[in-house]
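Peer 1: What follows is my_file_36.csv; its format and atoms are CSV, C-alpha atoms and all ligand atoms.
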chain,number,residue,atom,x,y,z
Q,648,MET,CA,-4.3,20.4,10.5
Q,649,THR,CA,-8.1,20.3,10.4
Q,650,ASP,CA,-10.1,17.7,12.4
Q,651,LEU,CA,-11.2,16.0,9.2
Q,652,ARG,CA,-8.7,13.6,7.8
Q,653,VAL,CA,-9.1,12.1,4.4
Q,654,ALA,CA,-7.3,8.8,3.4
Q,655,LEU,CA,-7.0,6.9,0.2
Q,656,ILE,CA,-5.9,3.2,0.3
Q,657,THR,CA,-5.4,1.4,-3.0
Q,658,GLY,CA,-6.2,-2.3,-3.2
Q,659,ALA,CA,-8.3,-2.0,-0.1
Q,660,ALA,CA,-11.1,-4.6,-0.8
Q,661,ARG,CA,-9.3,-7.4,1.0
Q,662,GLY,CA,-6.1,-8.5,2.6
Q,663,ILE,CA,-3.6,-6.0,3.9
Q,664,GLY,CA,-5.4,-3.0,2.3
Q,665,ARG,CA,-8.6,-3.9,4.1
Q,666,ALA,CA,-6.7,-4.2,7.5
Q,667,ILE,CA,-5.2,-0.8,6.9
Q,668,ALA,CA,-8.6,0.8,6.1
Q,669,LEU,CA,-10.0,-0.7,9.3
Q,670,GLU,CA,-7.0,0.5,11.4
Q,671,LEU,CA,-7.4,4.1,10.1
Q,672,ALA,CA,-11.2,4.1,10.4
Q,673,ARG,CA,-12.5,6.2,13.2
Q,674,PRO,CA,-14.9,9.2,13.6
Q,675,GLY,CA,-13.6,12.2,11.8
Q,676,MET,CA,-12.0,10.1,9.0
Q,677,VAL,CA,-13.1,9.8,5.4
Q,678,VAL,CA,-11.7,6.6,4.1
Q,679,TYR,CA,-11.6,6.1,0.3
Q,680,LEU,CA,-11.3,2.5,-0.6
Q,681,ASN,CA,-9.9,1.9,-4.0
Q,682,ASP,CA,-9.8,-1.4,-5.8
Q,683,VAL,CA,-9.9,-2.6,-9.3
Q,684,VAL,CA,-12.5,-5.1,-8.3
Q,685,LEU,CA,-15.5,-3.7,-6.4
Q,686,GLY,CA,-17.4,-6.7,-5.4
Q,687,ASP,CA,-18.6,-8.3,-2.2
Q,688,ASP,CA,-15.1,-8.0,-0.5
Q,689,ALA,CA,-15.1,-4.2,-1.1
Q,690,ALA,CA,-18.7,-3.9,0.1
Q,691,TRP,CA,-17.8,-5.8,3.3
Q,692,THR,CA,-14.8,-3.6,3.9
Q,693,ARG,CA,-16.9,-0.5,3.4
Q,694,GLU,CA,-19.5,-1.7,5.9
Q,695,LYS,CA,-16.9,-2.4,8.6
Q,696,VAL,CA,-15.2,1.0,8.1
Q,697,GLU,CA,-18.6,2.7,8.5
Q,698,ALA,CA,-19.3,0.6,11.6
Q,699,GLN,CA,-16.2,2.1,13.2
Q,700,GLY,CA,-17.7,5.6,12.7
Q,701,ALA,CA,-15.7,6.7,9.7
Q,702,GLN,CA,-17.1,7.7,6.3
Q,703,ALA,CA,-16.3,5.2,3.6
Q,704,ARG,CA,-16.4,5.6,-0.1
Q,705,LEU,CA,-15.6,3.1,-2.8
Q,706,LEU,CA,-13.4,4.2,-5.8
Q,707,GLY,CA,-13.1,1.7,-8.6
Q,708,PHE,CA,-10.0,2.4,-10.6
Q,709,ASN,CA,-7.0,0.5,-11.8
Q,710,VAL,CA,-3.9,2.1,-10.3
Q,711,ALA,CA,-2.0,1.3,-13.5
Q,712,ASP,CA,-4.3,3.7,-15.5
Q,713,ALA,CA,-2.9,7.2,-15.0
Q,714,ALA,CA,-6.0,9.0,-16.3
Q,715,ALA,CA,-8.3,6.9,-14.1
Q,716,VAL,CA,-6.1,7.6,-11.1
Q,717,GLN,CA,-6.1,11.4,-11.8
Q,718,ALA,CA,-9.9,11.3,-12.2
Q,719,GLY,CA,-10.2,9.4,-8.8
Q,720,ILE,CA,-8.0,11.9,-7.0
Q,721,ASP,CA,-9.9,14.8,-8.6
Q,722,GLN,CA,-13.2,13.3,-7.3
Q,723,ILE,CA,-11.8,13.0,-3.8
Q,724,ILE,CA,-10.7,16.7,-3.7
Q,725,LYS,CA,-14.1,17.8,-5.2
Q,726,GLU,CA,-16.0,15.8,-2.6
Q,727,SER,CA,-13.9,16.1,0.5
Q,728,GLY,CA,-11.7,19.2,-0.2
Q,729,ARG,CA,-8.4,17.5,0.9
Q,730,LEU,CA,-6.4,14.4,0.9
Q,731,ASP,CA,-4.1,13.7,3.9
Q,732,ILE,CA,-3.1,10.1,3.6
Q,733,LEU,CA,-2.2,8.0,0.6
Q,734,VAL,CA,-1.4,4.3,1.1
Q,735,ASN,CA,-0.1,2.6,-2.1
Q,736,ASN,CA,-1.0,-1.0,-1.2
Q,737,ALA,CA,-2.4,-2.4,-4.5
Q,738,GLY,CA,-0.1,-5.2,-5.8
Q,739,ILE,CA,0.0,-8.3,-7.8
Q,740,THR,CA,2.3,-11.3,-8.4
Q,741,ARG,CA,3.0,-13.1,-11.7
Q,742,ASP,CA,5.7,-15.5,-10.6
Q,743,ASN,CA,8.1,-17.3,-13.0
Q,744,ILE,CA,11.8,-18.1,-13.1
Q,745,ILE,CA,13.7,-15.5,-15.1
Q,746,VAL,CA,14.4,-17.8,-18.1
Q,747,ARG,CA,10.7,-18.4,-18.6
Q,748,MET,CA,9.4,-15.0,-17.6
Q,749,LYS,CA,7.1,-13.6,-20.3
Q,750,ASP,CA,7.1,-9.9,-21.3
Q,751,ALA,CA,3.5,-9.7,-20.1
Q,752,GLU,CA,4.3,-11.1,-16.7
Q,753,TRP,CA,7.1,-8.5,-16.2
Q,754,ASP,CA,5.1,-5.6,-17.6
Q,755,GLN,CA,1.9,-6.3,-15.6
Q,756,VAL,CA,3.7,-6.5,-12.3
Q,757,LEU,CA,5.7,-3.3,-12.9
Q,758,GLU,CA,2.7,-1.5,-14.2
Q,759,VAL,CA,0.6,-2.2,-11.1
Q,760,ASN,CA,3.1,-2.3,-8.3
Q,761,LEU,CA,5.5,0.5,-9.3
Q,762,LYS,CA,3.9,2.6,-12.0
Q,763,GLY,CA,0.6,2.4,-10.0
Q,764,ALA,CA,2.3,3.9,-7.0
Q,765,PHE,CA,3.9,6.6,-9.2
Q,766,ASN,CA,0.6,7.4,-10.7
Q,767,CYS,CA,-1.1,7.9,-7.3
Q,768,ILE,CA,1.8,9.8,-5.8
Q,769,ARG,CA,2.0,12.2,-8.8
Q,770,ALA,CA,-1.8,12.8,-8.6
Q,771,VAL,CA,-1.9,13.5,-4.8
Q,772,THR,CA,1.2,15.7,-4.8
Q,773,LYS,CA,-0.5,18.9,-5.9
Q,774,PRO,CA,-3.3,18.9,-3.3
Q,775,MET,CA,-0.8,17.8,-0.6
Q,776,LEU,CA,1.6,20.6,-1.5
Q,777,LYS,CA,-1.3,23.1,-1.4
Q,778,GLN,CA,-2.4,22.0,2.0
Q,779,ARG,CA,1.2,21.7,3.2
Q,780,TYR,CA,0.6,18.4,4.8
Q,781,GLY,CA,0.6,14.8,3.7
Q,782,ARG,CA,1.4,11.2,4.6
Q,783,ILE,CA,2.4,8.8,1.8
Q,784,ILE,CA,3.0,5.2,2.6
Q,785,ASN,CA,4.2,2.6,0.1
Q,786,ILE,CA,3.8,-1.1,0.7
Q,787,SER,CA,7.1,-2.7,-0.4
Q,788,SER,CA,8.2,-6.1,0.7
Q,789,VAL,CA,11.0,-7.9,2.5
Q,790,VAL,CA,11.9,-9.5,-0.8
Q,791,GLY,CA,12.5,-6.1,-2.3
Q,792,VAL,CA,15.5,-6.0,0.0
Q,793,MET,CA,16.5,-9.7,0.0
Q,794,GLY,CA,15.6,-10.9,-3.5
Q,795,ASN,CA,13.5,-14.0,-4.1
Q,796,PRO,CA,13.9,-16.7,-6.8
Q,797,GLY,CA,11.0,-16.9,-9.1
Q,798,GLN,CA,9.9,-13.3,-8.5
Q,799,ALA,CA,12.3,-11.1,-10.6
Q,800,ASN,CA,9.4,-8.9,-11.7
Q,801,TYR,CA,7.8,-8.5,-8.2
Q,802,VAL,CA,11.1,-8.0,-6.5
Q,803,ALA,CA,12.2,-5.4,-9.0
Q,804,SER,CA,8.8,-3.5,-8.4
Q,805,LYS,CA,9.2,-3.7,-4.6
Q,806,ALA,CA,12.8,-2.6,-4.7
Q,807,GLY,CA,11.8,0.2,-7.1
Q,808,LEU,CA,9.3,1.4,-4.5
Q,809,ILE,CA,12.1,1.8,-2.0
Q,810,GLY,CA,14.0,4.2,-4.3
Q,811,LEU,CA,10.8,6.0,-5.2
Q,812,THR,CA,10.0,6.4,-1.5
Q,813,LYS,CA,13.4,8.0,-0.7
Q,814,THR,CA,13.4,10.4,-3.7
Q,815,VAL,CA,9.9,11.6,-3.2
Q,816,ALA,CA,10.6,12.0,0.6
Q,817,ARG,CA,13.4,14.4,-0.3
Q,818,GLU,CA,11.3,16.3,-2.8
Q,819,LEU,CA,8.3,16.9,-0.6
Q,820,ALA,CA,9.8,17.2,2.9
Q,821,SER,CA,9.9,21.0,3.0
Q,822,ARG,CA,6.1,21.0,2.7
Q,823,HIS,CA,5.5,18.7,5.7
Q,824,ILE,CA,4.7,15.8,3.5
Q,825,THR,CA,6.3,12.6,4.7
Q,826,VAL,CA,6.9,9.6,2.5
Q,827,ASN,CA,7.7,6.2,4.0
Q,828,ALA,CA,7.5,2.5,3.2
Q,829,VAL,CA,6.4,-0.6,5.1
Q,830,ALA,CA,8.1,-3.9,4.1
Q,831,PRO,CA,5.9,-6.8,5.2
Q,832,GLY,CA,7.5,-10.3,5.4
Q,833,PHE,CA,5.2,-13.3,4.9
Q,834,ILE,CA,1.7,-12.2,5.8
Q,835,GLN,CA,-1.4,-14.5,5.7
Q,836,THR,CA,-3.6,-13.3,2.9
Q,837,GLU,CA,-5.2,-14.6,-0.3
Q,838,MET,CA,-2.0,-13.6,-2.2
Q,839,THR,CA,0.2,-15.9,-0.1
Q,840,GLU,CA,-2.5,-18.6,0.4
Q,841,ALA,CA,-1.9,-19.6,-3.2
Q,842,LEU,CA,1.7,-20.7,-2.6
Q,843,PRO,CA,2.6,-24.4,-2.4
Q,844,GLN,CA,3.0,-25.9,1.1
Q,845,ASN,CA,6.7,-26.6,0.6
Q,846,VAL,CA,7.4,-22.9,-0.2
Q,847,LYS,CA,5.4,-21.9,2.9
Q,848,ASP,CA,7.4,-24.4,5.1
Q,849,ALA,CA,10.7,-23.1,3.7
Q,850,MET,CA,9.6,-19.5,4.5
Q,851,LEU,CA,8.5,-20.4,8.0
Q,852,ALA,CA,11.9,-21.9,8.7
Q,853,GLN,CA,13.5,-18.5,8.1
Q,854,ILE,CA,11.2,-16.6,10.5
Q,855,PRO,CA,12.7,-16.3,14.1
Q,856,LEU,CA,9.2,-15.5,15.5
Q,857,GLY,CA,8.1,-18.9,14.1
Q,858,ARG,CA,4.9,-17.8,12.5
Q,859,PHE,CA,3.5,-15.8,9.6
Q,860,GLY,CA,2.2,-12.3,10.2
Q,861,THR,CA,-1.3,-11.0,10.1
Q,862,PRO,CA,-2.6,-8.1,7.9
Q,863,GLU,CA,-3.4,-6.2,11.1
Q,864,GLU,CA,0.2,-6.3,12.2
Q,865,VAL,CA,1.2,-4.6,8.9
Q,866,ALA,CA,-1.7,-2.1,9.4
Q,867,TYR,CA,-0.4,-1.0,12.8
Q,868,ALA,CA,2.9,0.1,11.3
Q,869,VAL,CA,1.0,1.9,8.5
Q,870,ALA,CA,-1.3,3.7,11.0
Q,871,PHE,CA,1.7,4.9,12.9
Q,872,LEU,CA,3.4,6.3,9.8
Q,873,ALA,CA,0.1,8.0,8.9
Q,874,SER,CA,-0.3,9.6,12.3
Q,875,GLU,CA,0.8,13.0,13.7
Q,876,ALA,CA,3.3,11.1,15.9
Q,877,ALA,CA,5.4,10.2,12.9
Q,878,ALA,CA,6.0,13.8,11.8
Q,879,TYR,CA,9.8,13.5,12.1
Q,880,LEU,CA,10.0,10.2,10.1
Q,881,THR,CA,10.5,10.4,6.4
Q,882,GLY,CA,12.3,8.3,3.7
Q,883,GLN,CA,12.3,5.3,6.0
Q,884,MET,CA,11.2,1.8,5.8
Q,885,ILE,CA,9.6,-0.2,8.6
Q,886,HIS,CA,10.1,-3.9,8.4
Q,887,VAL,CA,7.2,-6.1,9.7
Q,888,ASN,CA,8.6,-9.6,9.1
Q,889,GLY,CA,8.9,-11.5,12.4
Q,890,GLY,CA,12.7,-11.1,12.3
Q,891,MET,CA,13.1,-12.8,8.9
Q,892,LEU,CA,15.4,-9.9,7.8
Q,893,MET,CA,17.2,-7.7,10.3
Q,894,VAL,CA,18.6,-4.4,8.9
T,1,LIG,P1,-4.3,-9.4,-2.0
T,1,LIG,O1,-4.1,-10.0,-3.4
T,1,LIG,O2,-5.0,-10.2,-1.0
T,1,LIG,O3,-5.0,-8.0,-2.2
T,1,LIG,C1,-4.6,-7.0,-3.1
T,1,LIG,C2,-5.7,-6.1,-3.5
T,1,LIG,O4,-5.3,-5.2,-4.5
T,1,LIG,C3,-6.9,-6.9,-4.1
T,1,LIG,O5,-8.1,-6.5,-3.6
T,1,LIG,C4,-6.8,-6.6,-5.6
T,1,LIG,O6,-8.1,-6.6,-6.3
T,1,LIG,C5,-6.2,-5.2,-5.6
T,1,LIG,N1,-5.6,-4.8,-6.8
T,1,LIG,C6,-4.8,-5.6,-7.6
T,1,LIG,N2,-4.5,-4.9,-8.7
T,1,LIG,C7,-5.0,-3.7,-8.6
T,1,LIG,C8,-5.0,-2.5,-9.5
T,1,LIG,N3,-4.3,-2.5,-10.6
T,1,LIG,N4,-5.6,-1.4,-9.0
T,1,LIG,C9,-6.3,-1.4,-7.9
T,1,LIG,N5,-6.4,-2.4,-7.0
T,1,LIG,C10,-5.7,-3.6,-7.4
T,1,LIG,O7,-2.8,-9.0,-1.6
T,1,LIG,P2,-2.2,-8.7,-0.1
T,1,LIG,O8,-1.5,-9.9,0.4
T,1,LIG,O9,-3.2,-8.0,0.8
T,1,LIG,O10,-1.1,-7.6,-0.5
T,1,LIG,C11,-1.2,-6.2,-0.4
T,1,LIG,C12,0.1,-5.5,-0.6
T,1,LIG,O11,1.1,-6.0,0.3
T,1,LIG,C13,0.6,-5.8,-2.0
T,1,LIG,O12,1.3,-4.7,-2.5
T,1,LIG,C14,1.7,-6.9,-1.8
T,1,LIG,O13,2.7,-7.0,-2.7
T,1,LIG,C15,2.2,-6.5,-0.4
T,1,LIG,N6,2.8,-7.5,0.3
T,1,LIG,C16,2.1,-8.7,0.7
T,1,LIG,C17,2.8,-9.6,1.4
T,1,LIG,C18,2.1,-10.9,1.9
T,1,LIG,O14,2.8,-11.8,2.5
T,1,LIG,N7,0.8,-11.0,1.7
T,1,LIG,C19,4.2,-9.5,1.8
T,1,LIG,C20,4.8,-8.3,1.3
T,1,LIG,C21,4.2,-7.4,0.7
Could I get this file's structure written as structure tokens?
Peer 2:
Amino acid sequence: MTDLRVALITGAARGIGRAIALELARPGMVVYLNDVVLGDDAAWTREKVEAQGAQARLLGFNVADAAAVQAGIDQIIKESGRLDILVNNAGITRDNIIVRMKDAEWDQVLEVNLKGAFNCIRAVTKPMLKQRYGRIINISSVVGVMGNPGQANYVASKAGLIGLTKTVARELASRHITVNAVAPGFIQTEMTEALPQNVKDAMLAQIPLGRFGTPEEVAYAVAFLASEAAAYLTGQMIHVNGGMLMV
């Protein structure tokens, strides 16, 4: 390993992605912040990452667009010469009960959450194989294991990420590239803020620790998986859910 570490976090403008970027940000790190929306949120995240002594760069692509992803990764390799850490965090919801779910709702969620992760993993694999080092972390969800009414598309995408994680872990292990997942429970972000109060109350009743999680608490698990200390951990999933699901 060199002293310089280069990380790419997708969907890093706000929420959990932002917390991951801040947790990884320290001198010697180059943190590429991807988001499909590069507005004030992304600018704020960049400023904070730089304030912690890391280099920060914004990369505005849609993870569902394979050509744009490839161009983004090519840019990273051209500028920084390597890519050590990929965090597939970008995700969306388009909730509906199955009987009413539209093709577009199904397709959009699968395109971003699952195909987006595939696009990024495929694009980073070549440089990681070449450098014989890599850390890939996919953000799944507790509902990818438990199921959740009204989220057939989202749950299918998050369950798909678990299988993707295990398969790619087996494919890349011999080159010291580890591939793991983090499955957050109910985390307070703008994604979950939109839920009606009765849904939030029902969720809270299922959480032994009696509260929702913070984006930082997810980021700590991601940072561990991204570290040298996690070298013997691959194909695994860390659950960060306040005890909502125990596996
Ligand atoms: P958020 O909605 O606050 O942030 C998601 C970010 O991803 C936004 O900045 C958005 O612009 C970006 N994004 C969306 N589509 C994109 C695309 N096609 N390409 C690039 N960027 C895109 O969401 P939050 O809560 O921070 O979630 C982050 C991840 O954690 C998601 O994958 C989500 O499914 C997962 N998660 C969240 C939980 C929660 O309780 N908040 C629980 C379990 C998993």
Peer 1: Of the residues Q:Glu875, Q:Asp848, Q:Asp682, Q:Asp750, which is the one nearest to ligand LIG 1 (chain T), using all atoms listed in the file?
Peer 2: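 Under the stated criterion, the closest residue is Q:Asp682.
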Peer 1: Quick one: residues within 8 Å of ligand LIG 1 (chain T), with all atoms listed in the file, as a PyMOL selection string?
Peer 2: chain Q and resi 657-665+681-685+688-689+707-712+735-740+758-760+763+786-790+801+805+830-839+860+862
Peer 1: Find, counting all atoms listed in the file, the residue in Q:Asn888, Q:Thr772, Q:Gln755, Q:Thr692 that gets nearest to Gln717 in chain Q.
Peer 2: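 Once distances to Gln717 in chain Q are computed over all atoms listed in the file, the minimum belongs to Q:Thr772.
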Peer 1: Which residue gives the smallest distance to Tyr879 in chain Q among Q:Leu856, Q:Asn827, Q:Ala799, Q:Asn845, with all atoms listed in the file counted?
Peer 2: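 Among Q:Leu856, Q:Asn827, Q:Ala799, Q:Asn845, it is Q:Asn827 that comes nearest to Tyr879 in chain Q.
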Peer 1: Which of these residues is nearest to Glu818 in chain Q, using all atoms listed in the file: Q:Leu872, Q:Ala698, Q:Val677, Q:Leu776?
Peer 2: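 Looking at the shortest contact to Glu818 in chain Q, the residue is Q:Leu776.
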Peer 1: What separation in Å, quoted to one decimal, exists between CA of Asp742 in chain Q and CA of Ala666 in chain Q?
Peer 2: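 Separation between CA of Asp742 in chain Q and CA of Ala666 in chain Q: 24.7 Å.
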Peer 1: Near Ala820 in chain Q, counting all atoms listed in the file, which residues have an atom at most 10 Å away, once you skip same-chain residues fewer than 3 positions from it, shown as a ChimeraX atom specification?
Peer 2: /Q:776,779-781,815-817,823-826,879,881-882
Peer 1: In Å, how far is it from CA of Leu808 in chain Q to CA of Arg729 in chain Q?
Peer 2: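 Pair CA of Leu808 in chain Q / CA of Arg729 in chain Q returns 24.5 Å.
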Peer 1: Rank Q:Gly686, Q:Pro843, Q:Gly700, Q:Gly890 by their smallest atom-to-atom distance to Arg673 in chain Q, using only C-alpha atoms, and report the top residue only.
Peer 2: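 Smallest separation from Arg673 in chain Q among the options: Q:Gly700.
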Peer 1: What separation in Å, quoted to one decimal, exists between CA of Leu733 in chain Q and CA of Val869 in chain Q?
Peer 2: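 It comes out at 10.5 Å.
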Peer 1: Identify which of the residues Q:Gln778, Q:Pro855, Q:Leu705, Q:Ala690 lies closest to Met893 in chain Q, counting all atoms listed in the file when measuring atom-to-atom distances.
Peer 2: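 Using all atoms listed in the file, Met893 in chain Q sits closest to Q:Pro855.
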Peer 1: Which neighbours of Leu651 in chain Q fall inside 12 Å, counting only C-alpha atoms, when residues of the same chain fewer than 2 positions from it are skipped, and could you give them as a PyMOL selection string?
Peer 2: chain Q and resi 648-649+653-654+672-678+701-702+727-732
Peer 1: Any idea what's packed within 9 Å of Arg741 in chain Q, counting all atoms listed in the file, ignoring anything in its chain fewer than 2 positions away? Could you give it as a PyMOL selection string?
Peer 2: chain Q and resi 739+743+748+752-753+755-756+798+800-801
Peer 1: Only all heavy atoms needed: put range 833-843 of chain Q from the block into a file as a tab-separated table (two decimals), in the first residue's frame.
Peer 2:
chain	number	residue	atom	x	y	z
Q	833	PHE	N	-33.13	1.75	10.53
Q	833	PHE	CA	-33.81	3.03	10.30
Q	833	PHE	C	-32.87	4.16	10.73
Q	833	PHE	O	-32.58	4.35	11.90
Q	833	PHE	CB	-35.10	3.06	11.11
Q	833	PHE	CG	-36.02	4.18	10.70
Q	833	PHE	CD1	-37.22	3.92	10.02
Q	833	PHE	CD2	-35.72	5.50	10.99
Q	833	PHE	CE1	-38.06	4.95	9.64
Q	833	PHE	CE2	-36.56	6.54	10.62
Q	833	PHE	CZ	-37.74	6.25	9.94
Q	834	ILE	N	-32.38	4.91	9.74
Q	834	ILE	CA	-31.40	5.97	10.00
Q	834	ILE	C	-32.06	7.32	9.69
Q	834	ILE	O	-32.75	7.45	8.67
Q	834	ILE	CB	-30.16	5.78	9.11
Q	834	ILE	CG1	-29.58	4.36	9.24
Q	834	ILE	CG2	-29.09	6.84	9.43
Q	834	ILE	CD1	-29.15	3.94	10.63
Q	835	GLN	N	-31.82	8.30	10.56
Q	835	GLN	CA	-32.44	9.62	10.35
Q	835	GLN	C	-31.75	10.40	9.24
Q	835	GLN	O	-30.67	10.95	9.43
Q	835	GLN	CB	-32.40	10.42	11.64
Q	835	GLN	CG	-33.62	10.14	12.48
Q	835	GLN	CD	-33.55	10.82	13.82
Q	835	GLN	OE1	-32.53	10.71	14.50
Q	835	GLN	NE2	-34.61	11.48	14.20
Q	836	THR	N	-32.38	10.41	8.06
Q	836	THR	CA	-31.89	11.22	6.93
Q	836	THR	C	-33.11	11.78	6.20
Q	836	THR	O	-34.24	11.48	6.56
Q	836	THR	CB	-31.08	10.37	5.92
Q	836	THR	OG1	-31.98	9.45	5.28
Q	836	THR	CG2	-29.95	9.61	6.56
Q	837	GLU	N	-32.83	12.53	5.13
Q	837	GLU	CA	-33.96	13.10	4.37
Q	837	GLU	C	-34.81	12.01	3.73
Q	837	GLU	O	-36.00	12.18	3.50
Q	837	GLU	CB	-33.43	14.07	3.32
Q	837	GLU	CG	-32.96	15.36	3.97
Q	837	GLU	CD	-32.33	16.33	2.99
Q	837	GLU	OE1	-32.97	16.64	1.98
Q	837	GLU	OE2	-31.21	16.78	3.27
Q	838	MET	N	-34.17	10.84	3.44
Q	838	MET	CA	-34.92	9.73	2.83
Q	838	MET	C	-36.01	9.24	3.78
Q	838	MET	O	-37.13	8.97	3.37
Q	838	MET	CB	-33.96	8.58	2.49
Q	838	MET	CG	-34.64	7.40	1.83
Q	838	MET	SD	-33.50	6.03	1.53
Q	838	MET	CE	-32.96	6.39	-0.12
Q	839	THR	N	-35.69	9.14	5.08
Q	839	THR	CA	-36.65	8.59	6.03
Q	839	THR	C	-37.54	9.68	6.64
Q	839	THR	O	-38.62	9.38	7.14
Q	839	THR	CB	-35.91	7.84	7.16
Q	839	THR	OG1	-34.84	8.65	7.62
Q	839	THR	CG2	-35.35	6.53	6.68
Q	840	GLU	N	-37.08	10.92	6.58
Q	840	GLU	CA	-37.87	12.03	7.11
Q	840	GLU	C	-39.23	12.11	6.42
Q	840	GLU	O	-40.24	12.49	7.02
Q	840	GLU	CB	-37.13	13.35	6.88
Q	840	GLU	CG	-37.01	14.20	8.13
Q	840	GLU	CD	-35.93	15.25	7.93
Q	840	GLU	OE1	-36.13	16.12	7.06
Q	840	GLU	OE2	-34.92	15.16	8.63
Q	841	ALA	N	-39.26	11.69	5.14
Q	841	ALA	CA	-40.48	11.79	4.34
Q	841	ALA	C	-41.56	10.80	4.77
Q	841	ALA	O	-42.72	10.95	4.38
Q	841	ALA	CB	-40.12	11.55	2.87
Q	842	LEU	N	-41.21	9.81	5.61
Q	842	LEU	CA	-42.20	8.79	5.99
Q	842	LEU	C	-43.25	9.36	6.95
Q	842	LEU	O	-42.93	10.21	7.78
Q	842	LEU	CB	-41.50	7.61	6.67
Q	842	LEU	CG	-40.60	6.75	5.78
Q	842	LEU	CD1	-39.81	5.77	6.63
Q	842	LEU	CD2	-41.42	6.01	4.73
Q	843	PRO	N	-44.51	8.89	6.85
Q	843	PRO	CA	-45.55	9.36	7.78
Q	843	PRO	C	-45.23	8.95	9.22
Q	843	PRO	O	-44.57	7.94	9.45
Q	843	PRO	CB	-46.82	8.65	7.30
Q	843	PRO	CG	-46.47	7.84	6.12
Q	843	PRO	CD	-45.00	7.93	5.87
